[in-house]
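J.: Take a look at data26.cif, mmCIF, C-alpha atoms:
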data_work
#
loop_
_atom_site.label_atom_id
_atom_site.label_comp_id
_atom_site.auth_asym_id
_atom_site.auth_seq_id
_atom_site.Cartn_x
_atom_site.Cartn_y
_atom_site.Cartn_z
CA MET O 1 0.00 0.00 0.00
CA PRO O 2 -0.78 2.46 -1.28
CA LEU O 3 -2.38 0.76 -4.27
CA TRP O 4 -3.12 3.00 -7.26
CA THR O 5 -5.51 1.75 -9.94
CA ILE O 6 -5.44 3.79 -13.13
CA TYR O 7 -8.06 3.43 -15.87
CA HIS O 8 -6.96 5.12 -19.08
CA PRO O 9 -7.91 5.28 -22.75
CA VAL O 10 -6.27 2.91 -25.23
CA ASP O 11 -2.79 4.08 -26.28
CA ALA O 12 -2.89 7.01 -23.86
CA TYR O 13 0.41 5.97 -22.33
CA THR O 14 3.53 4.24 -23.62
CA PRO O 15 5.29 1.80 -21.27
CA GLU O 16 7.85 4.57 -20.67
CA THR O 17 5.13 7.03 -19.67
CA LYS O 18 3.56 4.46 -17.38
CA ALA O 19 6.93 4.03 -15.67
CA GLU O 20 7.20 7.81 -15.35
CA ILE O 21 3.73 7.98 -13.79
CA ALA O 22 4.62 5.17 -11.39
CA LYS O 23 7.83 6.95 -10.34
CA THR O 24 5.92 10.19 -9.87
CA ILE O 25 3.53 8.34 -7.56
CA VAL O 26 6.38 6.78 -5.55
CA ASP O 27 7.67 10.31 -4.96
CA PHE O 28 4.34 11.26 -3.36
CA TYR O 29 5.34 9.04 -0.43
CA PRO O 30 8.90 9.97 0.56
CA MET O 31 8.37 8.53 4.04
CA LEU O 32 7.43 5.04 2.83
CA PRO O 33 9.51 2.14 1.53
CA ALA O 34 9.25 2.51 -2.25
CA PHE O 35 8.06 -1.08 -2.71
CA TYR O 36 4.93 -0.28 -0.72
CA VAL O 37 3.76 1.72 -3.72
CA GLY O 38 1.92 -0.43 -6.26
CA VAL O 39 0.39 0.91 -9.46
CA VAL O 40 -1.81 -1.06 -11.87
CA PHE O 41 -2.98 0.21 -15.24
CA HIS O 42 -6.18 -0.85 -16.99
CA GLU O 43 -6.39 0.17 -20.66
CA MET O 44 -10.06 0.82 -21.39
CA PRO O 45 -11.54 0.74 -24.89
CA ARG O 46 -14.35 3.23 -25.49
CA ASP O 47 -17.04 0.62 -25.00
CA ARG O 48 -15.79 -0.41 -21.54
CA MET O 49 -15.68 2.99 -19.85
CA PHE O 50 -18.58 5.40 -19.48
CA VAL O 51 -18.93 8.91 -18.12
CA SER O 52 -22.31 10.68 -18.00
CA GLY O 53 -23.71 7.43 -19.42
CA LYS O 54 -21.66 7.84 -22.62
CA PRO O 55 -18.74 5.78 -23.92
CA THR O 56 -15.54 7.74 -23.45
CA ASP O 57 -11.98 7.76 -24.67
CA ASP O 58 -10.84 11.00 -23.06
CA PHE O 59 -11.05 10.14 -19.37
CA VAL O 60 -8.46 8.98 -16.85
CA ARG O 61 -9.94 7.58 -13.65
CA ILE O 62 -7.69 6.94 -10.70
CA ALA O 63 -8.76 5.05 -7.56
CA VAL O 64 -6.36 4.78 -4.64
CA ASP O 65 -6.45 2.59 -1.56
CA HIS O 66 -4.49 4.09 1.30
CA ILE O 67 -3.57 2.54 4.54
CA ALA O 68 -4.66 4.94 7.19
CA ARG O 69 -1.42 6.66 8.16
CA GLN O 70 -3.40 9.67 9.08
CA PHE O 71 -2.45 13.21 8.45
CA PRO O 72 -2.11 15.02 11.79
CA GLU O 73 -4.10 17.93 10.37
CA ASP O 74 -6.59 18.19 7.59
CA ALA O 75 -4.76 21.19 6.14
CA LEU O 76 -1.72 18.97 5.53
CA ALA O 77 -3.88 16.42 3.72
CA GLN O 78 -5.24 19.12 1.42
CA LYS O 79 -1.76 20.48 0.80
CA TRP O 80 -0.60 16.99 -0.14
CA LEU O 81 -3.62 16.52 -2.42
CA ASN O 82 -2.87 19.83 -4.11
CA HIS O 83 0.66 18.64 -4.80
CA VAL O 84 -0.60 15.29 -6.09
CA SER O 85 -3.15 16.94 -8.37
CA ALA O 86 -0.64 19.40 -9.77
CA SER O 87 1.85 16.59 -10.47
CA LEU O 88 -0.71 14.36 -12.15
CA ALA O 89 -1.88 17.17 -14.45
CA ALA O 90 1.14 16.44 -16.67
CA PHE O 91 -0.36 13.01 -17.43
CA THR O 92 -4.01 14.02 -17.58
CA SER O 93 -5.38 17.52 -18.17
CA ASP O 94 -2.16 18.69 -19.86
CA LEU O 95 -2.66 15.88 -22.41
CA GLY O 96 -6.29 16.84 -22.99
CA TYR O 97 -7.85 14.17 -20.77
CA ARG O 98 -10.58 14.71 -18.23
CA TRP O 99 -9.65 13.06 -14.99
CA GLU O 100 -10.71 12.21 -11.48
CA VAL O 101 -9.03 10.69 -8.45
CA HIS O 102 -10.29 9.49 -5.10
CA PHE O 103 -8.64 7.91 -2.09
CA ASP O 104 -10.09 5.34 0.24
CA GLU O 105 -8.62 4.51 3.63
CA THR O 106 -8.36 0.93 4.79
CA PRO O 107 -7.33 -0.49 8.18
CA PHE O 108 -3.60 -0.71 8.93
CA LYS O 109 -4.09 -3.94 10.82
CA PHE O 110 -5.64 -5.76 7.84
CA TRP O 111 -2.57 -5.55 5.68
CA ARG O 112 0.20 -8.07 5.11
CA ILE O 113 3.37 -7.88 3.01
CA GLN O 114 5.12 -11.15 2.19
CA GLY O 115 2.96 -12.49 5.00
CA TYR O 116 4.26 -9.99 7.55
CA PRO O 117 2.25 -7.26 9.23
CA ALA O 118 3.77 -3.97 8.09
CA PRO O 119 6.19 -2.53 10.63
CA LEU O 120 4.90 0.46 12.56
CA PRO O 121 5.57 3.86 11.01
CA ASP O 122 9.08 5.12 11.78
CA SER O 123 10.05 1.89 13.51
CA GLU O 124 13.50 0.37 13.11
CA ALA O 125 12.04 -2.41 10.95
CA GLU O 126 10.36 0.09 8.62
CA ARG O 127 13.63 1.98 8.27
CA LYS O 128 15.37 -1.26 7.31
CA TRP O 129 12.63 -2.16 4.82
CA LYS O 130 12.94 1.30 3.31
CA ALA O 131 16.73 1.14 3.07
CA ASP O 132 16.56 -2.35 1.48
CA ASP O 133 13.44 -1.57 -0.58
CA ALA O 134 12.32 -5.05 0.43
CA ALA O 135 10.46 -6.81 3.22
CA SER O 136 12.38 -9.00 5.65
CA PRO O 137 11.58 -10.89 8.85
CA TYR O 138 11.35 -8.80 12.00
CA ASP O 139 10.05 -9.23 15.50
CA PHE O 140 6.54 -7.86 15.01
CA ALA O 141 5.36 -9.03 18.41
CA ALA O 142 7.90 -6.69 20.02
CA MET E 143 -17.72 9.56 -8.10
CA PRO E 144 -19.62 7.37 -7.86
CA LEU E 145 -17.42 4.80 -9.57
CA TRP E 146 -19.15 1.59 -10.65
CA THR E 147 -17.03 -1.45 -11.50
CA ILE E 148 -18.92 -4.21 -13.28
CA TYR E 149 -17.49 -7.69 -13.80
CA HIS E 150 -19.51 -9.66 -16.30
CA PRO E 151 -19.30 -12.86 -18.39
CA VAL E 152 -17.86 -12.72 -21.90
CA ASP E 153 -20.41 -11.49 -24.45
CA ALA E 154 -23.01 -10.81 -21.76
CA TYR E 155 -23.45 -7.22 -22.97
CA THR E 156 -23.20 -5.50 -26.34
CA PRO E 157 -21.72 -1.98 -26.40
CA GLU E 158 -25.33 -0.74 -26.72
CA THR E 159 -26.39 -2.62 -23.60
CA LYS E 160 -23.37 -1.32 -21.71
CA ALA E 161 -24.41 2.22 -22.68
CA GLU E 162 -27.93 1.46 -21.48
CA ILE E 163 -26.61 0.17 -18.17
CA ALA E 164 -24.44 3.26 -17.78
CA LYS E 165 -27.41 5.54 -18.47
CA THR E 166 -29.51 3.60 -15.99
CA ILE E 167 -26.81 4.16 -13.38
CA VAL E 168 -26.59 7.89 -14.11
CA ASP E 169 -30.34 8.06 -13.43
CA PHE E 170 -29.77 6.65 -9.94
CA TYR E 171 -28.18 10.01 -9.07
CA PRO E 172 -30.52 12.75 -10.25
CA MET E 173 -28.97 15.22 -7.81
CA LEU E 174 -25.41 14.84 -9.15
CA PRO E 175 -23.68 16.24 -12.22
CA ALA E 176 -23.93 13.37 -14.72
CA PHE E 177 -20.18 13.38 -15.40
CA TYR E 178 -19.56 12.40 -11.76
CA VAL E 179 -20.89 8.96 -12.65
CA GLY E 180 -18.19 6.67 -14.01
CA VAL E 181 -18.77 3.05 -15.02
CA VAL E 182 -16.08 0.56 -16.00
CA PHE E 183 -16.74 -2.90 -17.39
CA HIS E 184 -14.44 -5.89 -17.02
CA GLU E 185 -15.30 -8.83 -19.28
CA MET E 186 -14.35 -11.97 -17.38
CA PRO E 187 -13.65 -15.31 -19.06
CA ARG E 188 -14.71 -18.38 -17.04
CA ASP E 189 -11.21 -19.04 -15.80
CA ARG E 190 -10.77 -15.54 -14.34
CA MET E 191 -13.89 -15.34 -12.16
CA PHE E 192 -14.83 -17.75 -9.41
CA VAL E 193 -17.85 -18.15 -7.16
CA SER E 194 -18.02 -20.86 -4.47
CA GLY E 195 -14.49 -21.73 -5.62
CA LYS E 196 -15.76 -22.68 -9.09
CA PRO E 197 -15.14 -20.99 -12.44
CA THR E 198 -18.28 -19.14 -13.48
CA ASP E 199 -19.82 -17.63 -16.57
CA ASP E 200 -23.22 -16.77 -15.13
CA PHE E 201 -22.33 -14.14 -12.54
CA VAL E 202 -22.35 -10.35 -12.63
CA ARG E 203 -20.43 -8.71 -9.80
CA ILE E 204 -20.80 -5.00 -9.20
CA ALA E 205 -18.62 -3.00 -6.79
CA VAL E 206 -19.36 0.66 -6.21
CA ASP E 207 -17.32 3.37 -4.54
CA HIS E 208 -19.47 6.15 -3.21
CA ILE E 209 -18.47 9.46 -1.86
CA ALA E 210 -20.17 9.79 1.44
CA ARG E 211 -23.08 12.06 0.66
CA GLN E 212 -24.96 10.46 3.44
CA PHE E 213 -28.57 9.57 3.45
CA PRO E 214 -30.32 11.53 6.20
CA GLU E 215 -32.12 8.34 7.24
CA ASP E 216 -31.31 4.70 6.81
CA ALA E 217 -34.83 4.02 5.52
CA LEU E 218 -34.10 6.31 2.55
CA ALA E 219 -30.91 4.43 1.82
CA GLN E 220 -32.78 1.14 1.76
CA LYS E 221 -35.51 2.60 -0.44
CA TRP E 222 -32.83 3.80 -2.87
CA LEU E 223 -31.15 0.41 -2.82
CA ASN E 224 -34.46 -1.29 -3.54
CA HIS E 225 -34.89 0.96 -6.56
CA VAL E 226 -31.33 0.28 -7.73
CA SER E 227 -31.75 -3.48 -7.33
CA ALA E 228 -35.06 -3.52 -9.18
CA SER E 229 -33.58 -1.48 -12.06
CA LEU E 230 -30.48 -3.66 -12.37
CA ALA E 231 -32.54 -6.84 -12.51
CA ALA E 232 -33.18 -6.12 -16.21
CA PHE E 233 -29.45 -6.58 -16.84
CA THR E 234 -28.82 -9.42 -14.41
CA SER E 235 -31.41 -11.80 -12.98
CA ASP E 236 -33.84 -11.18 -15.86
CA LEU E 237 -31.11 -12.39 -18.24
CA GLY E 238 -30.43 -15.49 -16.15
CA TYR E 239 -27.35 -14.21 -14.35
CA ARG E 240 -26.65 -14.46 -10.65
CA TRP E 241 -25.52 -11.12 -9.33
CA GLU E 242 -24.28 -9.17 -6.36
CA VAL E 243 -23.61 -5.52 -5.64
CA HIS E 244 -21.96 -3.71 -2.75
CA PHE E 245 -21.21 -0.08 -2.02
CA ASP E 246 -18.24 1.33 -0.18
CA GLU E 247 -18.10 4.87 1.16
CA THR E 248 -14.96 6.95 0.80
CA PRO E 249 -14.10 10.37 2.24
CA PHE E 250 -15.48 13.42 0.43
CA LYS E 251 -12.34 15.40 1.16
CA PHE E 252 -10.05 12.88 -0.59
CA TRP E 253 -11.55 13.38 -4.02
CA ARG E 254 -10.45 15.63 -6.88
CA ILE E 255 -11.98 16.23 -10.29
CA GLN E 256 -9.79 17.84 -12.91
CA GLY E 257 -7.63 18.75 -9.94
CA TYR E 258 -10.44 20.56 -8.14
CA PRO E 259 -12.02 19.54 -4.87
CA ALA E 260 -15.66 18.75 -5.67
CA PRO E 261 -17.99 21.65 -4.87
CA LEU E 262 -20.13 21.19 -1.79
CA PRO E 263 -23.50 19.52 -2.34
CA ASP E 264 -26.13 22.00 -3.57
CA SER E 265 -23.62 24.82 -3.87
CA GLU E 266 -23.72 27.31 -6.73
CA ALA E 267 -20.59 25.74 -8.23
CA GLU E 268 -22.14 22.27 -8.16
CA ARG E 269 -25.25 23.61 -9.87
CA LYS E 270 -23.07 25.10 -12.61
CA TRP E 271 -21.09 21.86 -13.00
CA LYS E 272 -24.37 19.97 -13.26
CA ALA E 273 -25.84 22.38 -15.84
CA ASP E 274 -22.63 22.27 -17.92
CA ASP E 275 -22.02 18.55 -17.27
CA ALA E 276 -18.38 19.56 -16.86
CA ALA E 277 -15.98 20.76 -14.20
CA SER E 278 -14.80 24.37 -14.23
CA PRO E 279 -12.73 26.60 -11.95
CA TYR E 280 -14.51 27.94 -8.89
CA ASP E 281 -13.54 29.57 -5.66
CA PHE E 282 -13.29 26.50 -3.47
CA ALA E 283 -11.69 28.36 -0.59
CA ALA E 284 -14.88 30.43 -0.28
CA MET R 285 -18.87 -10.71 -0.37
CA PRO R 286 -16.08 -11.15 0.33
CA LEU R 287 -14.70 -10.05 -3.05
CA TRP R 288 -11.08 -10.95 -3.72
CA THR R 289 -9.24 -9.18 -6.55
CA ILE R 290 -5.94 -10.81 -7.50
CA TYR R 291 -3.40 -9.13 -9.77
CA HIS R 292 -0.77 -11.58 -10.94
CA PRO R 293 2.00 -11.88 -13.55
CA VAL R 294 1.25 -13.35 -16.97
CA ASP R 295 1.20 -17.18 -16.90
CA ALA R 296 1.70 -17.27 -13.13
CA TYR R 297 -1.34 -19.50 -12.70
CA THR R 298 -3.04 -22.16 -14.80
CA PRO R 299 -6.84 -22.30 -14.73
CA GLU R 300 -6.46 -25.28 -12.39
CA THR R 301 -4.28 -23.30 -10.00
CA LYS R 302 -6.73 -20.41 -10.08
CA ALA R 303 -9.50 -22.83 -9.10
CA GLU R 304 -7.29 -24.14 -6.30
CA ILE R 305 -6.66 -20.59 -5.06
CA ALA R 306 -10.39 -19.82 -5.21
CA LYS R 307 -11.20 -22.98 -3.20
CA THR R 308 -8.52 -22.10 -0.66
CA ILE R 309 -10.15 -18.69 -0.26
CA VAL R 310 -13.64 -20.21 0.20
CA ASP R 311 -12.20 -22.29 3.03
CA PHE R 312 -11.12 -19.10 4.82
CA TYR R 313 -14.84 -18.45 5.46
CA PRO R 314 -16.33 -21.67 6.85
CA MET R 315 -19.22 -19.74 8.41
CA LEU R 316 -20.39 -18.16 5.14
CA PRO R 317 -22.41 -19.53 2.24
CA ALA R 318 -19.74 -20.53 -0.29
CA PHE R 319 -21.35 -18.48 -3.07
CA TYR R 320 -20.69 -15.29 -1.08
CA VAL R 321 -17.01 -15.74 -1.94
CA GLY R 322 -16.11 -14.16 -5.27
CA VAL R 323 -12.60 -14.13 -6.72
CA VAL R 324 -11.50 -12.24 -9.83
CA PHE R 325 -8.09 -12.56 -11.47
CA HIS R 326 -6.35 -9.85 -13.48
CA GLU R 327 -3.34 -11.05 -15.47
CA MET R 328 -0.90 -8.16 -15.59
CA PRO R 329 1.83 -7.81 -18.22
CA ARG R 330 5.08 -6.20 -16.98
CA ASP R 331 4.17 -2.82 -18.42
CA ARG R 332 0.84 -2.62 -16.58
CA MET R 333 1.99 -3.27 -13.02
CA PHE R 334 4.61 -1.29 -11.14
CA VAL R 335 6.25 -1.65 -7.75
CA SER R 336 8.80 0.90 -6.47
CA GLY R 337 8.09 2.75 -9.74
CA LYS R 338 9.47 -0.17 -11.78
CA PRO R 339 7.65 -2.56 -14.12
CA THR R 340 7.31 -5.91 -12.43
CA ASP R 341 6.56 -9.50 -13.28
CA ASP R 342 7.23 -11.06 -9.90
CA PHE R 343 4.50 -9.52 -7.79
CA VAL R 344 1.07 -10.77 -6.71
CA ARG R 345 -1.20 -8.06 -5.33
CA ILE R 346 -4.39 -9.04 -3.57
CA ALA R 347 -7.11 -6.56 -2.58
CA VAL R 348 -10.11 -7.78 -0.61
CA ASP R 349 -13.43 -6.12 0.16
CA HIS R 350 -15.01 -7.50 3.29
CA ILE R 351 -18.42 -6.93 4.63
CA ALA R 352 -17.98 -5.89 8.17
CA ARG R 353 -18.83 -9.06 10.10
CA GLN R 354 -16.53 -7.94 12.80
CA PHE R 355 -14.22 -10.09 14.74
CA PRO R 356 -15.20 -9.98 18.41
CA GLU R 357 -11.54 -9.49 19.34
CA ASP R 358 -8.61 -8.12 17.46
CA ALA R 359 -6.49 -11.12 18.47
CA LEU R 360 -8.90 -13.37 16.52
CA ALA R 361 -8.56 -11.15 13.45
CA GLN R 362 -4.78 -11.43 13.61
CA LYS R 363 -4.97 -15.19 14.10
CA TRP R 364 -7.22 -15.44 11.04
CA LEU R 365 -4.85 -13.23 9.03
CA ASN R 366 -1.92 -15.41 10.03
CA HIS R 367 -3.79 -18.45 8.75
CA VAL R 368 -4.69 -16.66 5.50
CA SER R 369 -1.11 -15.52 4.96
CA ALA R 370 0.32 -18.96 5.63
CA SER R 371 -2.17 -20.56 3.22
CA LEU R 372 -1.53 -18.05 0.45
CA ALA R 373 2.24 -18.53 0.67
CA ALA R 374 1.83 -21.69 -1.43
CA PHE R 375 0.67 -19.51 -4.33
CA THR R 376 2.98 -16.56 -3.78
CA SER R 377 6.25 -16.57 -1.84
CA ASP R 378 6.70 -20.35 -2.25
CA LEU R 379 6.60 -19.77 -6.03
CA GLY R 380 9.15 -16.95 -5.84
CA TYR R 381 6.68 -14.07 -6.04
CA ARG R 382 6.64 -11.01 -3.84
CA TRP R 383 3.12 -10.38 -2.57
CA GLU R 384 0.87 -8.13 -0.59
CA VAL R 385 -2.71 -8.32 0.60
CA HIS R 386 -5.02 -5.81 2.24
CA PHE R 387 -8.62 -5.93 3.38
CA ASP R 388 -11.15 -3.13 3.31
CA GLU R 389 -14.40 -3.22 5.27
CA THR R 390 -17.63 -2.03 3.67
CA PRO R 391 -21.08 -1.52 5.21
CA PHE R 392 -23.28 -4.61 5.64
CA LYS R 393 -26.39 -2.63 4.82
CA PHE R 394 -25.10 -1.52 1.39
CA TRP R 395 -24.94 -5.02 -0.03
CA ARG R 396 -27.45 -6.91 -2.13
CA ILE R 397 -27.38 -10.45 -3.52
CA GLN R 398 -29.79 -11.28 -6.32
CA GLY R 399 -31.49 -8.08 -5.20
CA TYR R 400 -31.94 -9.29 -1.61
CA PRO R 401 -30.31 -7.80 1.45
CA ALA R 402 -28.06 -10.51 2.86
CA PRO R 403 -29.69 -12.41 5.72
CA LEU R 404 -28.33 -11.61 9.16
CA PRO R 405 -25.39 -13.70 10.33
CA ASP R 406 -26.51 -17.06 11.77
CA SER R 407 -30.15 -16.44 10.87
CA GLU R 408 -32.38 -19.22 9.57
CA ALA R 409 -32.30 -17.67 6.08
CA GLU R 410 -28.50 -17.59 6.06
CA ARG R 411 -28.40 -21.24 7.11
CA LYS R 412 -30.71 -22.13 4.21
CA TRP R 413 -28.62 -20.07 1.75
CA LYS R 414 -25.52 -21.86 3.00
CA ALA R 415 -27.09 -25.31 2.75
CA ASP R 416 -28.37 -24.58 -0.79
CA ASP R 417 -25.25 -22.58 -1.80
CA ALA R 418 -27.72 -20.20 -3.43
CA ALA R 419 -29.81 -17.15 -2.59
CA SER R 420 -33.58 -17.49 -2.29
CA PRO R 421 -36.44 -15.25 -1.22
CA TYR R 422 -36.89 -14.76 2.51
CA ASP R 423 -38.78 -12.43 4.76
CA PHE R 424 -36.09 -9.82 5.33
CA ALA R 425 -38.45 -7.38 7.00
CA ALA R 426 -38.98 -9.93 9.78
#
Hey, can you dump this file as structure tokens for me?
T.:
Amino acid sequence: MPLWTIYHPVDAYTPETKAEIAKTIVDFYPMLPAFYVGVVFHEMPRDRMFVSGKPTDDFVRIAVDHIARQFPEDALAQKWLNHVSASLAAFTSDLGYRWEVHFDETPFKFWRIQGYPAPLPDSEAERKWKADDAASPYDFAA
Amino acid sequence: MPLWTIYHPVDAYTPETKAEIAKTIVDFYPMLPAFYVGVVFHEMPRDRMFVSGKPTDDFVRIAVDHIARQFPEDALAQKWLNHVSASLAAFTSDLGYRWEVHFDETPFKFWRIQGYPAPLPDSEAERKWKADDAASPYDFAA
Amino acid sequence: MPLWTIYHPVDAYTPETKAEIAKTIVDFYPMLPAFYVGVVFHEMPRDRMFVSGKPTDDFVRIAVDHIARQFPEDALAQKWLNHVSASLAAFTSDLGYRWEVHFDETPFKFWRIQGYPAPLPDSEAERKWKADDAASPYDFAA
């Protein structure tokens, strides 16, 4: 987590652009191990994606599942969202696409990586996972 | 938002039927700008969709993400759901498919359209967006 | 519900293995009618799935929507998750894949099967649905 699901028109993005989008998204989370950040792309033909009840090929729809690492203040959340929106414009509105994004929050405790519960934020284990960009055994009962 | 994700058997729906389903869904939300309503279809071959642990080609599974524009009373929510279920029957049980739908609620504040926070319900900006069926700049700090 | 969405590398699983995974998942919910358990598989080419901002073909990402039939104690939830993780290892880490799973909880009341609200847990109607492995009319206003 986070898990980003991106629905986009056919041929909207080359593999190189998708990699650029994925790297941009990783950079939204400088505090997290990079491998926490998953991005999946669904290429949607006109007859599989509808807006206003009409088939569409000019719409990018992004749905994000976040683990609730809450923002201490709502103002910080909005500031972060402003940054995210501005950064994503390069891959959406700047290319002539309409777009929309929403974030859901899911429970920290119902999340497992390689079978492990995620280490607590800012714990020694998380720092190791971040440095290694990989999960490894740790004493999660501690 | 709302975002409707519809998993369906191969060849269950023509593009015309998908458009009809999408229009039916837009009509579930007469108070919202129509372009808020996104619908994506995933055509699922038998070996990619399982119910009761068995491959299936007779099942339509619908998952919906709602922004929490809460119902003032639970009875209204159930009445709305009854209407939704009855309307979807034409595309599911009436065609011989088993089906299931669930709705999740996600935070209003974590949602951006064309980079804008959505206008507040029943605000002047929302009325304009609804009349135009399109997002446009507005003074969201107001 | 539950609805399991499984993103996996191309050719990671044969149809037989997918059926085995789906049966394994059904067994995680011995108290539920088996037909409540839906599993969808998305085969992801390298250039459609990214981890750490890099295209990947060694990652299995599982996202689950649960209806909130809460665990009476958090320790039971963790015990169940340990069992789930250990069972899924056969299809993930044991095959050399990195993997991650998270569960979201969605409202019981916003869920319809064949147009019916789901019977209450351990009700007579639920017992019948479980025995039949199928939904059928019942007096849900009772």
J.: Report the residues retrieved by the PyMOL selection byres ((chain O and resi 33-42) around 8) from the displayed file, expressed as a ChimeraX atom specification.
T.: /O:1-8,22,25-26,29-32,43-44,126-127,129-131,133-134 /R:332-337
J.: Find the residues around Thr234 (chain E) up to 10 Å (only C-alpha atoms counted), leave out those fewer than 5 positions away in its own chain, and share them as an NGL selection string.
T.: (:E and (150 or 154 or 200-203 or 227 or 229 or 239-242)) or (:R and (398-399))
J.: Report the residues retrieved by the PyMOL selection byres ((chain E and resi 247) around 6) from the displayed file, expressed as a list in words.
T.: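 After applying the PyMOL selection byres ((chain E and resi 247) around 6), what remains is Asp207, His208, Ile209, Ala210, Asp246 and Thr248 of chain E.
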J.: CA of Phe233 (chain E) to CA of Thr156 (chain E): how many Å, to one decimal?
T.: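 Rounded to one decimal, the two atoms are 11.4 Å apart.
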J.: So which one's closest to chain O, R:Pro356, R:Pro401, R:Pro421, R:Pro329? Using only C-alpha atoms, please.
T.: R:Pro329
J.: Measuring atom to atom with all atoms listed in the file, identify which of E:Ala260, E:Ala205, E:Ile255, E:Val152 is nearest to chain R.
T.: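 For chain R, the nearest of the candidates is E:Ala205.
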J.: Just checking: using all atoms listed in the file, which residue out of O:Ala135, O:Glu124, O:Pro55, O:Gly96 ends up closest to Arg112 (chain O)?
T.: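 Result for the nearest residue to Arg112 (chain O): O:Ala135.
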J.: One decimal, in Å: what's the spacing between CA of Thr301 (chain R) and CA of Leu379 (chain R)?
T.: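 Taking CA of Thr301 (chain R) and CA of Leu379 (chain R), their separation equals 12.1 Å.
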J.: How many Å lie between CA of Val348 (chain R) and CA of His386 (chain R), rounded to one decimal?
T.: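 A separation of 6.2 Å between them.
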J.: Considering only C-alpha atoms, can you say which of O:Arg46, O:Val101, O:Asp122, O:Tyr116 comes closest to chain R?
T.: O:Tyr116
J.: Find the residue from O:Thr24, O:Ser93, O:Ser123, O:Ser136 that sits nearest to chain E; use all atoms listed in the file when measuring.
T.: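 Nearest candidate to chain E out of O:Thr24, O:Ser93, O:Ser123, O:Ser136: O:Ser93.
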J.: Set up a box along x, y and z of the file covering all listed atoms of region 166-181 of chain E, add 3 Å on every one of the six sides, and write the centre and edge lengths in Å to one decimal, as AutoDock Vina command-line options.
T.:
--center_x -24.4 --center_y 9.6 --center_z -11.9 --size_x 18.3 --size_y 19.2 --size_z 14.2
J.: Using all atoms listed in the file, which of the listed residues (R:Val368, R:Pro405, R:Ala359, R:Lys393) sits closest to chain E?
T.: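 Result for the nearest residue to chain E: R:Lys393.
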